[in-house]
Amino acid sequence: MSSERYHDHFIVSWDQLHRDVRALCHDLSGRDFKGIIAITRGGLIPAGLIARELGIRHIDTVCIKSYHDHMEQGGLEVVKGVDHDGDGWLLVDDLVDTGNTARAVRDMLPKAHFVTVYAKPEGRPLVDGFITEVPQNCWIQFPWDMGIAYVEPIAEQLKKQESDS
């Protein structure tokens with residue numbers, strides 16, 4: 001897969017992530033889960049937020065590496081699995097994109113209830129629930145992948161450009 005397939009960016013702020021996770025938790029409320037299985041690394045923060053909102057204390061991880069160079073998806077590498085089929089567990093990831101990771105995790109944990117915060121069309125059928133659908137050609141910028149930086153006012157930028165010429 002090439003990063004050239006991403007033509008748009010969908011920027012998720014910390015506030016937006018919290019709102020979306022809370023909306024997802026409303027859909028999950030009333031269910032009794034044994035615990036949460038977070039898919040690393042993207043599912044760690046959503047899983048922590050979901051655990052807080054639903055009062056779940058038991059969190060485990062399935063560690064899968066799929067993005068090898070920022071936006072380049074490669075072959076899947078299972079770094080850590082779990083020793084059950086997911087029955088009664090909530091499986092959490094930040095997004096489902098092409099479905100490659102989702103298929104691998106579904107095979108490992110076929111009885112888990114699988115949710116993501118964001119879903120793209122190719123992977124959407126593989127999850128039991130999500131909150132926001134994003135176009136397939138859109139790269140999602142998560143808050144943990146971005147930093148806040150000072151941006152000089154335009155007037156100051158123009159002054160510098162004038163003095164440089």
# chains A, B, ... in the order shown; residues from 1 in each chain; ligands from 1

call {"tool": "residues_around", "arguments": {"residues": "Arg52 (chain A)", "least_positions_apart": "6", "cutoff": "12 Å", "atoms": "only C-alpha atoms", "output": "list in words"}}
result
His18, Val21, Arg22, Cys25, Gly35, Ile36, Ile45, Pro46, His58 and Ile59 of chain A

call {"tool": "residues_around", "arguments": {"residues": "region 77-87 of chain A", "least_positions_apart": "5", "cutoff": "7 Å", "atoms": "only C-alpha atoms", "output": "list in words"}}
result
Val62, Cys63, Ile64, Lys65, Ser66, Met108, Leu109, Pro110, Lys111 and Ala112 of chain A

call {"tool": "closest_residue", "arguments": {"among": "A:Gly75, A:Gly147, A:Lys159, A:Arg124", "to": "Gly99 (chain A)", "atoms": "only C-alpha atoms"}}
result
A:Arg124

call {"tool": "select_by_dssp", "arguments": {"residues": "region 13-162 of chain A", "states": "alpha helix (DSSP H)", "output": "ChimeraX atom specification"}}
result
/A:14-28,44-54,100-108,154-162

call {"tool": "atom_distance", "arguments": {"atom1": "CA of Leu54 (chain A)", "atom2": "CA of Thr132 (chain A)"}}
result
19.7 Å

call {"tool": "closest_residue", "arguments": {"among": "A:Ser163, A:Val92, A:Pro143, A:Ile56", "to": "Asp15 (chain A)", "atoms": "only C-alpha atoms"}}
result
A:Pro143

call {"tool": "residues_around", "arguments": {"residues": "Asp8 (chain A)", "least_positions_apart": "6", "cutoff": "8 Å", "atoms": "only C-alpha atoms", "output": "list in words"}}
result
Asn137, Cys138 and Trp139 of chain A

call {"tool": "select_by_dssp", "arguments": {"residues": "region 69-154 of chain A", "states": "strand (DSSP E)", "output": "ChimeraX atom specification"}}
result
/A:69,72-80,89-96,113-119,132-133,138-141

call {"tool": "residues_around", "arguments": {"residues": "Ile11 (chain A)", "least_positions_apart": "5", "cutoff": "12 Å", "atoms": "only C-alpha atoms", "output": "list in words"}}
result
Gln16, Leu17, Tyr118, Val134, Cys138, Trp139, Ile140, Gln141, Phe142, Pro143, Trp144, Asp145 and Met146 of chain A

call {"tool": "write_last_selection", "arguments": {"atoms": "N, CA and C atoms", "output": "compact mmCIF listing (two decimals), in the first residue's frame"}}
result
# COMPACT_ATOMS: atom_id res chain seq x y z
N GLN A 16 -12.29 15.99 20.39
CA GLN A 16 -13.12 15.20 19.49
C GLN A 16 -13.03 13.71 19.82
N LEU A 17 -11.82 13.25 20.11
CA LEU A 17 -11.64 11.85 20.47
C LEU A 17 -12.46 11.51 21.72
N TYR A 118 -13.29 4.92 14.80
CA TYR A 118 -13.43 5.35 13.41
C TYR A 118 -13.38 4.14 12.50
N VAL A 134 -15.15 7.38 8.01
CA VAL A 134 -14.21 8.27 7.32
C VAL A 134 -13.98 7.69 5.93
N CYS A 138 -8.80 8.80 3.06
CA CYS A 138 -8.50 9.82 4.06
C CYS A 138 -7.56 9.27 5.12
N TRP A 139 -6.48 9.99 5.40
CA TRP A 139 -5.55 9.61 6.47
C TRP A 139 -6.02 10.28 7.75
N ILE A 140 -6.21 9.51 8.80
CA ILE A 140 -6.67 10.06 10.07
C ILE A 140 -5.46 10.49 10.89
N GLN A 141 -5.45 11.75 11.27
CA GLN A 141 -4.38 12.31 12.11
C GLN A 141 -4.88 12.28 13.56
N PHE A 142 -4.35 11.35 14.35
CA PHE A 142 -4.75 11.23 15.75
C PHE A 142 -3.95 12.20 16.61
N PRO A 143 -4.53 12.64 17.72
CA PRO A 143 -3.84 13.65 18.54
C PRO A 143 -2.51 13.17 19.10
N TRP A 144 -2.35 11.87 19.32
CA TRP A 144 -1.08 11.38 19.85
C TRP A 144 0.02 11.35 18.79
N ASP A 145 -0.34 11.58 17.54
CA ASP A 145 0.65 11.64 16.46
C ASP A 145 1.01 13.06 16.07
N MET A 146 0.41 14.03 16.73
CA MET A 146 0.62 15.43 16.35
C MET A 146 1.15 16.22 17.55

call {"tool": "closest_residue", "arguments": {"among": "A:Ala38, A:Ala104, A:Ala47, A:Leu76", "to": "Thr61 (chain A)", "atoms": "only C-alpha atoms"}}
result
A:Ala38

call {"tool": "closest_residue", "arguments": {"among": "A:Ala149, A:Leu90, A:Val117, A:Ile154", "to": "Ile37 (chain A)", "atoms": "only C-alpha atoms"}}
result
A:Leu90

call {"tool": "atom_distance", "arguments": {"atom1": "CA of Thr116 (chain A)", "atom2": "CA of Ile131 (chain A)"}}
result
7.5 Å

call {"tool": "residues_around", "arguments": {"residues": "Val115 (chain A)", "least_positions_apart": "6", "cutoff": "8 Å", "atoms": "only C-alpha atoms", "output": "ChimeraX atom specification"}}
result
/A:90-93,127-130

call {"tool": "write_last_selection", "arguments": {"atoms": "C-alpha atoms", "output": "tab-separated table (two decimals), in the first residue's frame"}}
result
chain	number	residue	atom	x	y	z
A	90	LEU	CA	-14.61	-6.00	24.38
A	91	LEU	CA	-11.98	-5.64	21.66
A	92	VAL	CA	-10.96	-2.03	20.94
A	93	ASP	CA	-8.95	-0.27	18.24
A	127	VAL	CA	-16.41	-4.51	13.39
A	128	ASP	CA	-19.49	-4.76	15.57
A	129	GLY	CA	-19.63	-1.05	16.24
A	130	PHE	CA	-18.01	2.31	15.52

call {"tool": "atom_distance", "arguments": {"atom1": "CA of Asp97 (chain A)", "atom2": "CA of Arg31 (chain A)"}}
result
26.0 Å
